[in-house]
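Have a look at final27.cif; it's mmCIF, C-alpha atoms:
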data_structure
loop_
_atom_site.group_PDB
_atom_site.id
_atom_site.type_symbol
_atom_site.label_atom_id
_atom_site.label_comp_id
_atom_site.auth_asym_id
_atom_site.auth_seq_id
_atom_site.Cartn_x
_atom_site.Cartn_y
_atom_site.Cartn_z
ATOM 1 C CA MET A 693 -22.791 -11.329 17.095
ATOM 2 C CA ALA A 694 -20.060 -12.187 19.574
ATOM 3 C CA GLN A 695 -20.792 -11.404 23.176
ATOM 4 C CA ILE A 696 -18.671 -8.678 24.753
ATOM 5 C CA SER A 697 -17.558 -9.655 28.211
ATOM 6 C CA LYS A 698 -17.653 -6.958 30.845
ATOM 7 C CA PRO A 699 -15.043 -6.612 33.542
ATOM 8 C CA PRO A 700 -16.292 -6.843 37.118
ATOM 9 C CA ILE A 701 -17.602 -3.496 38.384
ATOM 10 C CA GLU A 702 -16.911 -2.439 41.921
ATOM 11 C CA LYS A 703 -19.992 -1.439 43.873
ATOM 12 C CA GLY A 704 -18.194 1.673 45.146
ATOM 13 C CA ASN A 705 -18.000 3.167 41.624
ATOM 14 C CA GLN A 706 -21.643 2.570 40.784
ATOM 15 C CA ILE A 707 -24.331 5.124 41.575
ATOM 16 C CA GLU A 708 -27.729 3.778 42.500
ATOM 17 C CA GLY A 709 -30.088 3.796 39.469
ATOM 18 C CA SER A 710 -27.536 4.852 36.793
ATOM 19 C CA ALA A 711 -25.131 3.043 34.479
ATOM 20 C CA THR A 712 -21.400 3.378 34.872
ATOM 21 C CA ASP A 713 -19.057 4.705 32.189
ATOM 22 C CA THR A 714 -17.829 1.153 31.611
ATOM 23 C CA ASP A 715 -21.376 -0.039 30.906
ATOM 24 C CA ARG A 716 -21.911 2.834 28.472
ATOM 25 C CA LEU A 717 -18.633 2.050 26.712
ATOM 26 C CA TYR A 718 -19.632 -1.585 26.190
ATOM 27 C CA LEU A 719 -23.105 -0.536 25.078
ATOM 28 C CA LEU A 720 -21.688 1.867 22.459
ATOM 29 C CA GLN A 721 -19.148 -0.729 21.295
ATOM 30 C CA GLY A 722 -22.046 -3.151 20.878
ATOM 31 C CA PHE A 723 -23.936 -0.593 18.765
ATOM 32 C CA ILE A 724 -20.928 -0.119 16.473
ATOM 33 C CA LYS A 725 -20.344 -3.875 16.211
ATOM 34 C CA THR A 726 -24.028 -4.387 15.371
ATOM 35 C CA HIS A 727 -23.762 -1.711 12.688
ATOM 36 C CA PHE A 728 -20.726 -3.328 11.082
ATOM 37 C CA ASN A 729 -22.316 -6.773 11.196
ATOM 38 C CA ALA A 730 -25.542 -5.445 9.661
ATOM 39 C CA THR A 731 -23.781 -3.539 6.853
ATOM 40 C CA GLU A 732 -20.998 -6.041 6.142
ATOM 41 C CA LEU A 733 -22.716 -7.463 3.054
ATOM 42 C CA ALA A 734 -23.237 -3.959 1.636
ATOM 43 C CA ARG A 735 -19.554 -3.079 2.143
ATOM 44 C CA ILE A 736 -18.442 -6.317 0.461
ATOM 45 C CA LYS A 737 -20.682 -5.556 -2.522
ATOM 46 C CA TRP A 738 -19.398 -1.957 -2.725
ATOM 47 C CA ILE A 739 -15.780 -3.138 -2.797
ATOM 48 C CA ARG A 740 -16.695 -5.600 -5.554
ATOM 49 C CA ASP A 741 -18.465 -2.818 -7.481
ATOM 50 C CA TYR A 742 -15.409 -0.549 -7.286
ATOM 51 C CA ASP A 743 -13.151 -3.416 -8.384
ATOM 52 C CA MET A 744 -15.380 -4.081 -11.395
ATOM 53 C CA VAL A 745 -15.497 -0.419 -12.430
ATOM 54 C CA GLU A 746 -11.811 0.242 -12.036
ATOM 55 C CA GLY A 747 -10.978 -2.925 -13.963
ATOM 56 C CA ASN A 748 -7.756 -3.469 -12.055
ATOM 57 C CA GLY A 749 -7.497 -7.206 -12.618
ATOM 58 C CA LYS A 750 -10.222 -8.313 -10.234
ATOM 59 C CA GLN A 751 -12.855 -9.292 -12.760
ATOM 60 C CA TRP A 752 -11.694 -12.895 -12.622
ATOM 61 C CA GLY A 753 -11.929 -15.193 -9.653
ATOM 62 C CA ARG A 754 -8.533 -16.413 -8.478
ATOM 63 C CA LEU A 755 -9.183 -20.055 -9.342
ATOM 64 C CA ASP A 756 -10.575 -19.212 -12.790
ATOM 65 C CA ARG A 757 -7.640 -16.905 -13.564
ATOM 66 C CA ASP A 758 -5.117 -19.566 -12.500
ATOM 67 C CA LYS A 759 -6.883 -22.231 -14.595
ATOM 68 C CA VAL A 760 -6.826 -20.033 -17.733
ATOM 69 C CA GLU A 761 -3.221 -18.937 -17.255
ATOM 70 C CA LYS A 762 -2.019 -22.514 -16.615
ATOM 71 C CA SER A 763 -3.509 -23.530 -19.947
ATOM 72 C CA GLY A 764 -1.217 -20.991 -21.643
ATOM 73 C CA ARG A 765 -3.919 -18.459 -22.487
ATOM 74 C CA PRO A 766 -4.036 -14.886 -21.200
ATOM 75 C CA ALA A 767 -6.880 -13.950 -18.860
ATOM 76 C CA LEU A 768 -8.469 -11.225 -20.969
ATOM 77 C CA GLU A 769 -10.526 -8.496 -19.353
ATOM 78 C CA PHE A 770 -13.100 -6.347 -21.082
ATOM 79 C CA ASN A 771 -14.257 -3.553 -18.837
ATOM 80 C CA GLN A 772 -17.710 -2.736 -20.142
ATOM 81 C CA ILE A 773 -18.815 -1.106 -16.899
ATOM 82 C CA MET A 774 -16.368 1.820 -16.726
ATOM 83 C CA PRO A 775 -17.447 3.351 -20.073
ATOM 84 C CA GLN A 776 -21.057 3.305 -18.866
ATOM 85 C CA VAL A 777 -20.116 4.989 -15.594
ATOM 86 C CA GLU A 778 -18.096 7.585 -17.506
ATOM 87 C CA LEU A 779 -21.052 8.203 -19.826
ATOM 88 C CA VAL A 780 -23.463 8.813 -16.952
ATOM 89 C CA ALA A 781 -20.885 10.870 -15.029
ATOM 90 C CA GLY A 782 -20.146 12.957 -18.126
ATOM 91 C CA MET A 783 -23.843 13.680 -18.582
ATOM 92 C CA GLN A 784 -24.070 14.770 -14.939
ATOM 93 C CA ARG A 785 -20.972 16.979 -15.198
ATOM 94 C CA GLY A 786 -22.433 18.678 -18.278
ATOM 95 C CA LEU A 787 -25.558 19.732 -16.412
ATOM 96 C CA ASN A 788 -25.700 23.175 -14.867
ATOM 97 C CA LEU A 789 -27.623 22.649 -11.669
ATOM 98 C CA ASP A 790 -29.329 25.510 -9.899
ATOM 99 C CA PHE A 791 -30.845 25.649 -6.439
ATOM 100 C CA THR A 792 -34.352 26.925 -5.803
ATOM 101 C CA ALA A 793 -36.161 26.910 -2.473
ATOM 102 C CA LEU A 794 -39.885 27.136 -3.020
ATOM 103 C CA PRO A 795 -42.128 28.845 -0.453
ATOM 104 C CA ARG A 796 -44.858 26.902 1.300
ATOM 105 C CA GLY A 797 -47.271 29.773 0.808
ATOM 106 C CA LEU A 798 -47.405 33.464 -0.083
ATOM 107 C CA GLU A 799 -46.222 34.448 3.385
ATOM 108 C CA ASP A 800 -42.976 32.475 2.873
ATOM 109 C CA ARG A 801 -42.061 33.973 -0.505
ATOM 110 C CA ARG A 802 -39.318 36.186 0.876
ATOM 111 C CA LEU A 803 -37.971 33.327 3.004
ATOM 112 C CA GLY A 804 -37.778 31.148 -0.139
ATOM 113 C CA GLU A 805 -35.770 33.858 -1.922
ATOM 114 C CA ILE A 806 -33.351 34.103 1.012
ATOM 115 C CA ALA A 807 -32.947 30.311 1.162
ATOM 116 C CA THR A 808 -32.327 30.174 -2.613
ATOM 117 C CA ALA A 809 -29.650 32.888 -2.373
ATOM 118 C CA SER A 810 -28.052 31.067 0.584
ATOM 119 C CA LEU A 811 -27.916 27.764 -1.317
ATOM 120 C CA LYS A 812 -26.349 29.459 -4.356
ATOM 121 C CA ALA A 813 -23.776 31.192 -2.142
ATOM 122 C CA ALA A 814 -22.959 27.900 -0.410
ATOM 123 C CA SER A 815 -22.453 26.258 -3.803
ATOM 124 C CA GLU A 816 -20.166 29.024 -5.038
ATOM 125 C CA PHE A 817 -18.136 29.556 -1.882
ATOM 126 C CA GLY A 818 -17.929 25.849 -1.050
ATOM 127 C CA ARG A 819 -16.695 24.972 -4.542
ATOM 128 C CA VAL A 820 -19.329 22.219 -4.794
ATOM 129 C CA PRO A 821 -18.774 21.413 -8.518
ATOM 130 C CA ARG A 822 -15.233 20.315 -7.717
ATOM 131 C CA VAL A 823 -16.483 17.881 -5.064
ATOM 132 C CA ASN A 824 -19.775 16.604 -6.424
ATOM 133 C CA ASP A 825 -18.171 14.785 -9.352
ATOM 134 C CA LYS A 826 -16.659 12.044 -7.185
ATOM 135 C CA VAL A 827 -19.738 11.909 -4.947
ATOM 136 C CA PHE A 828 -21.918 11.374 -8.012
ATOM 137 C CA ASP A 829 -19.515 8.658 -9.210
ATOM 138 C CA ASP A 830 -19.829 6.950 -5.811
ATOM 139 C CA GLY A 831 -23.615 7.081 -6.100
ATOM 140 C CA THR A 832 -23.491 5.627 -9.612
ATOM 141 C CA ILE A 833 -21.070 2.826 -8.745
ATOM 142 C CA CYS A 834 -22.303 1.607 -5.369
ATOM 143 C CA GLY A 835 -25.533 3.518 -4.757
ATOM 144 C CA LEU A 836 -24.268 5.744 -1.924
ATOM 145 C CA GLY A 837 -22.639 9.136 -2.460
ATOM 146 C CA VAL A 838 -22.058 11.235 0.656
ATOM 147 C CA TRP A 839 -21.232 14.924 1.053
ATOM 148 C CA GLU A 840 -20.066 16.494 4.273
ATOM 149 C CA VAL A 841 -21.030 20.169 4.430
ATOM 150 C CA LEU A 842 -19.460 22.141 7.279
ATOM 151 C CA HIS A 843 -19.188 25.735 8.371
ATOM 152 C CA THR A 844 -15.703 26.359 9.700
ATOM 153 C CA LEU A 845 -13.439 29.157 10.853
ATOM 154 C CA ASP A 846 -10.260 27.056 10.445
ATOM 155 C CA ASP A 847 -7.960 28.728 7.886
ATOM 156 C CA ALA A 848 -10.875 30.868 6.724
ATOM 157 C CA ASP A 849 -10.319 33.859 4.467
ATOM 158 C CA ASP A 850 -13.056 35.747 6.275
ATOM 159 C CA MET A 851 -12.660 35.318 10.044
ATOM 160 C CA VAL A 852 -16.046 36.942 10.736
ATOM 161 C CA TRP A 853 -18.243 34.743 8.534
ATOM 162 C CA GLY A 854 -15.968 31.748 8.101
ATOM 163 C CA ASP A 855 -16.002 29.324 5.181
ATOM 164 C CA ILE A 856 -18.381 26.647 4.013
ATOM 165 C CA VAL A 857 -16.438 23.473 3.273
ATOM 166 C CA VAL A 858 -17.868 20.682 1.142
ATOM 167 C CA SER A 859 -16.020 17.387 1.046
ATOM 168 C CA ARG A 860 -16.608 13.800 -0.021
ATOM 169 C CA ILE A 861 -16.939 10.941 2.428
ATOM 170 C CA ASN A 862 -15.915 7.570 1.045
ATOM 171 C CA PRO A 863 -18.944 5.248 1.193
ATOM 172 C CA LEU A 864 -16.809 2.564 2.852
ATOM 173 C CA ALA A 865 -15.950 4.999 5.673
ATOM 174 C CA PHE A 866 -19.491 6.309 6.130
ATOM 175 C CA LEU A 867 -21.147 5.273 9.383
ATOM 176 C CA TRP A 868 -24.911 5.200 9.271
ATOM 177 C CA ASP A 869 -27.674 3.465 11.115
ATOM 178 C CA PRO A 870 -30.024 1.674 8.693
ATOM 179 C CA TRP A 871 -32.645 1.327 11.426
ATOM 180 C CA ALA A 872 -32.817 5.085 12.053
ATOM 181 C CA THR A 873 -33.935 6.106 8.565
ATOM 182 C CA GLU A 874 -37.275 6.953 7.090
ATOM 183 C CA PRO A 875 -38.641 4.438 4.568
ATOM 184 C CA ASP A 876 -37.131 6.341 1.617
ATOM 185 C CA LEU A 877 -33.574 6.303 3.089
ATOM 186 C CA GLN A 878 -33.242 10.057 2.409
ATOM 187 C CA ASP A 879 -33.618 11.314 5.958
ATOM 188 C CA GLY A 880 -31.341 9.402 8.280
ATOM 189 C CA ALA A 881 -31.711 10.160 11.969
ATOM 190 C CA PHE A 882 -28.143 9.064 12.697
ATOM 191 C CA MET A 883 -25.412 9.499 10.105
#
What does this structure look like when you write it as C-alpha cells?
Amino acid sequence: MAQISKPPIEKGNQIEGSATDTDRLYLLQGFIKTHFNATELARIKWIRDYDMVEGNGKQWGRLDRDKVEKSGRPALEFNQIMPQVELVAGMQRGLNLDFTALPRGLEDRRLGEIATASLKAASEFGRVPRVNDKVFDDGTICGLGVWEVLHTLDDADDMVWGDIVVSRINPLAFLWDPWATEPDLQDGAFM
C-alpha cells in the first residue's frame, strides 16, 4: 500500500492528547485504501463473472481473438453460463417465499407472531419481489447480492408511518470490511 504523506500540522491547532481532523482524515482515507486493496481481486473476478454471463464479446482474450480473426475465421462465442443462471433465477422467481419468526420459548410466542406480521408487511409494502430478482442474480453470478432496506418519509404516501424502501446495491459499489465479519460472513459489523 502506498504511503499517504501528511501535511505539516501547526502546534497551535493541535490539542494535547487528541488527534486533529487532518490526522483523522488521513486515517479514514487509509482505511478505505486498505479496503480497496484487499478486495481488488474480488472486484476483478466479479467483473469477469458478469462479462462471462452477459456474453457481450468478452469471452475471448484480446490476443486470442485477434489471432483467430486474422486467420479469416470468426471468433465464435457459445454462452453456456447465461442459460444456467436463467434456470436457477427462474426457479427462484417461481418460489413463493414466506417469512416466519420463530419464538425462542413459550413466553416469546406473541412476539414471534408480531415479528412475522411485520416481515410480511415489509415485504408487501416494500415491493420486495420486484427487487429481489436482480439481487438473487447478483448472488448467483458473483456470490454477493445486497439489499438496502430503509424506512423513509421522503415522498411517502403515509406521512405518519412512512414507507419501507427496498433497493439493490450493485456488488461492485458495496463497501464492506472483510475483517469485521463473523466466520460465516453473514453478520458484518461494518457494511
Using all atoms of region 727-746 of chain A that appear in the file, construct an axis-aligned enclosing box with 5 Å of padding on every side and provide its centre coordinates and edge lengths in Å, rounded to one decimal, as AutoDock Vina command-line options.
--center_x -18.7 --center_y -3.6 --center_z 0.1 --size_x 23.7 --size_y 17.7 --size_z 35.1
Quick one: which residues end up in the PyMOL selection byres ((chain A and resi 744) around 12) for this structure, as a ChimeraX atom specification? /A:737-743,745-753,769-777,833-834
Could you check how far CA of Glu816 (chain A) sits from CA of Leu794 (chain A), in Å to one decimal?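 Computed distance, CA of Glu816 (chain A) to CA of Leu794 (chain A), equals 19.9 Å.
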I'd like the interatomic distance between CA of Gly831 (chain A) and CA of Ala809 (chain A), to a tenth of an Å.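 Answer for the CA of Gly831 (chain A) to CA of Ala809 (chain A) separation: 26.8 Å.
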Counting only C-alpha atoms, which of A:Met783, A:Val827, A:Leu867, A:Val760 gets nearest to Trp839 (chain A)?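 Looking at the shortest contact to Trp839 (chain A), the residue is A:Val827.
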Filtering to C-alpha atoms, could region 735-823 of chain A of the supplied structure be written out as a PDB file, in the first residue's frame?
ATOM      1  CA  ARG A 735     -13.882  -6.983  -7.786  1.00  0.00           C
ATOM      2  CA  ILE A 736     -11.795  -8.083 -10.783  1.00  0.00           C
ATOM      3  CA  LYS A 737     -13.300 -11.573 -10.571  1.00  0.00           C
ATOM      4  CA  TRP A 738     -16.843 -10.161 -10.259  1.00  0.00           C
ATOM      5  CA  ILE A 739     -16.384  -8.030 -13.379  1.00  0.00           C
ATOM      6  CA  ARG A 740     -15.097 -11.103 -15.223  1.00  0.00           C
ATOM      7  CA  ASP A 741     -18.090 -13.127 -13.985  1.00  0.00           C
ATOM      8  CA  TYR A 742     -20.557 -10.506 -15.237  1.00  0.00           C
ATOM      9  CA  ASP A 743     -18.759 -10.349 -18.594  1.00  0.00           C
ATOM     10  CA  MET A 744     -18.987 -14.130 -18.946  1.00  0.00           C
ATOM     11  CA  VAL A 745     -22.690 -14.238 -18.067  1.00  0.00           C
ATOM     12  CA  GLU A 746     -23.724 -11.367 -20.273  1.00  0.00           C
ATOM     13  CA  GLY A 747     -21.754 -12.815 -23.180  1.00  0.00           C
ATOM     14  CA  ASN A 748     -21.026  -9.401 -24.639  1.00  0.00           C
ATOM     15  CA  GLY A 749     -17.909 -10.363 -26.564  1.00  0.00           C
ATOM     16  CA  LYS A 750     -15.529 -10.681 -23.637  1.00  0.00           C
ATOM     17  CA  GLN A 751     -15.217 -14.445 -23.538  1.00  0.00           C
ATOM     18  CA  TRP A 752     -12.089 -14.274 -25.667  1.00  0.00           C
ATOM     19  CA  GLY A 753      -8.801 -12.744 -24.668  1.00  0.00           C
ATOM     20  CA  ARG A 754      -7.779  -9.873 -26.928  1.00  0.00           C
ATOM     21  CA  LEU A 755      -4.721 -11.638 -28.329  1.00  0.00           C
ATOM     22  CA  ASP A 756      -6.620 -14.882 -28.969  1.00  0.00           C
ATOM     23  CA  ARG A 757      -9.484 -13.031 -30.674  1.00  0.00           C
ATOM     24  CA  ASP A 758      -7.062 -11.102 -32.908  1.00  0.00           C
ATOM     25  CA  LYS A 759      -5.194 -14.307 -33.831  1.00  0.00           C
ATOM     26  CA  VAL A 760      -8.429 -16.096 -34.836  1.00  0.00           C
ATOM     27  CA  GLU A 761      -9.811 -13.134 -36.770  1.00  0.00           C
ATOM     28  CA  LYS A 762      -6.516 -12.570 -38.633  1.00  0.00           C
ATOM     29  CA  SER A 763      -6.672 -16.158 -39.840  1.00  0.00           C
ATOM     30  CA  GLY A 764     -10.006 -15.354 -41.517  1.00  0.00           C
ATOM     31  CA  ARG A 765     -12.196 -17.270 -39.074  1.00  0.00           C
ATOM     32  CA  PRO A 766     -14.902 -15.724 -36.900  1.00  0.00           C
ATOM     33  CA  ALA A 767     -14.368 -15.755 -33.138  1.00  0.00           C
ATOM     34  CA  LEU A 768     -17.411 -17.800 -32.157  1.00  0.00           C
ATOM     35  CA  GLU A 769     -18.912 -17.478 -28.702  1.00  0.00           C
ATOM     36  CA  PHE A 770     -21.125 -20.018 -27.005  1.00  0.00           C
ATOM     37  CA  ASN A 771     -22.581 -18.630 -23.821  1.00  0.00           C
ATOM     38  CA  GLN A 772     -23.281 -21.712 -21.745  1.00  0.00           C
ATOM     39  CA  ILE A 773     -23.298 -19.799 -18.469  1.00  0.00           C
ATOM     40  CA  MET A 774     -26.271 -17.472 -19.043  1.00  0.00           C
ATOM     41  CA  PRO A 775     -28.803 -20.300 -19.593  1.00  0.00           C
ATOM     42  CA  GLN A 776     -27.705 -21.848 -16.293  1.00  0.00           C
ATOM     43  CA  VAL A 777     -28.089 -18.538 -14.468  1.00  0.00           C
ATOM     44  CA  GLU A 778     -31.517 -18.059 -16.048  1.00  0.00           C
ATOM     45  CA  LEU A 779     -32.516 -21.579 -14.991  1.00  0.00           C
ATOM     46  CA  VAL A 780     -31.547 -21.001 -11.362  1.00  0.00           C
ATOM     47  CA  ALA A 781     -33.063 -17.498 -11.359  1.00  0.00           C
ATOM     48  CA  GLY A 782     -36.292 -18.825 -12.878  1.00  0.00           C
ATOM     49  CA  MET A 783     -36.532 -21.477 -10.175  1.00  0.00           C
ATOM     50  CA  GLN A 784     -36.045 -18.796  -7.514  1.00  0.00           C
ATOM     51  CA  ARG A 785     -38.643 -16.485  -9.079  1.00  0.00           C
ATOM     52  CA  GLY A 786     -41.161 -19.343  -9.135  1.00  0.00           C
ATOM     53  CA  LEU A 787     -40.876 -19.879  -5.394  1.00  0.00           C
ATOM     54  CA  ASN A 788     -43.359 -18.191  -3.104  1.00  0.00           C
ATOM     55  CA  LEU A 789     -41.313 -17.276  -0.074  1.00  0.00           C
ATOM     56  CA  ASP A 790     -42.928 -16.584   3.263  1.00  0.00           C
ATOM     57  CA  PHE A 791     -41.445 -15.078   6.398  1.00  0.00           C
ATOM     58  CA  THR A 792     -41.786 -16.711   9.796  1.00  0.00           C
ATOM     59  CA  ALA A 793     -40.168 -15.526  13.011  1.00  0.00           C
ATOM     60  CA  LEU A 794     -39.990 -18.358  15.494  1.00  0.00           C
ATOM     61  CA  PRO A 795     -40.163 -17.676  19.241  1.00  0.00           C
ATOM     62  CA  ARG A 796     -37.275 -18.614  21.495  1.00  0.00           C
ATOM     63  CA  GLY A 797     -39.680 -20.018  24.057  1.00  0.00           C
ATOM     64  CA  LEU A 798     -43.349 -20.027  25.042  1.00  0.00           C
ATOM     65  CA  GLU A 799     -43.061 -16.552  26.538  1.00  0.00           C
ATOM     66  CA  ASP A 800     -41.999 -15.141  23.135  1.00  0.00           C
ATOM     67  CA  ARG A 801     -44.834 -16.668  21.105  1.00  0.00           C
ATOM     68  CA  ARG A 802     -46.733 -13.413  20.736  1.00  0.00           C
ATOM     69  CA  LEU A 803     -43.523 -11.543  19.892  1.00  0.00           C
ATOM     70  CA  GLY A 804     -42.822 -14.099  17.128  1.00  0.00           C
ATOM     71  CA  GLU A 805     -46.300 -13.513  15.673  1.00  0.00           C
ATOM     72  CA  ILE A 806     -45.752  -9.742  15.685  1.00  0.00           C
ATOM     73  CA  ALA A 807     -42.328 -10.104  14.041  1.00  0.00           C
ATOM     74  CA  THR A 808     -43.793 -12.433  11.378  1.00  0.00           C
ATOM     75  CA  ALA A 809     -46.583  -9.945  10.595  1.00  0.00           C
ATOM     76  CA  SER A 810     -44.026  -7.108  10.434  1.00  0.00           C
ATOM     77  CA  LEU A 811     -41.809  -9.029   7.998  1.00  0.00           C
ATOM     78  CA  LYS A 812     -44.793  -9.839   5.760  1.00  0.00           C
ATOM     79  CA  ALA A 813     -45.901  -6.192   5.812  1.00  0.00           C
ATOM     80  CA  ALA A 814     -42.371  -5.044   4.961  1.00  0.00           C
ATOM     81  CA  SER A 815     -42.305  -7.468   2.030  1.00  0.00           C
ATOM     82  CA  GLU A 816     -45.663  -6.290   0.707  1.00  0.00           C
ATOM     83  CA  PHE A 817     -45.224  -2.564   1.237  1.00  0.00           C
ATOM     84  CA  GLY A 818     -41.575  -2.550   0.158  1.00  0.00           C
ATOM     85  CA  ARG A 819     -42.358  -4.409  -3.069  1.00  0.00           C
ATOM     86  CA  VAL A 820     -39.543  -6.885  -2.339  1.00  0.00           C
ATOM     87  CA  PRO A 821     -40.372  -9.350  -5.179  1.00  0.00           C
ATOM     88  CA  ARG A 822     -39.632  -6.627  -7.712  1.00  0.00           C
ATOM     89  CA  VAL A 823     -36.183  -6.027  -6.207  1.00  0.00           C
TER      90      VAL A 823
END
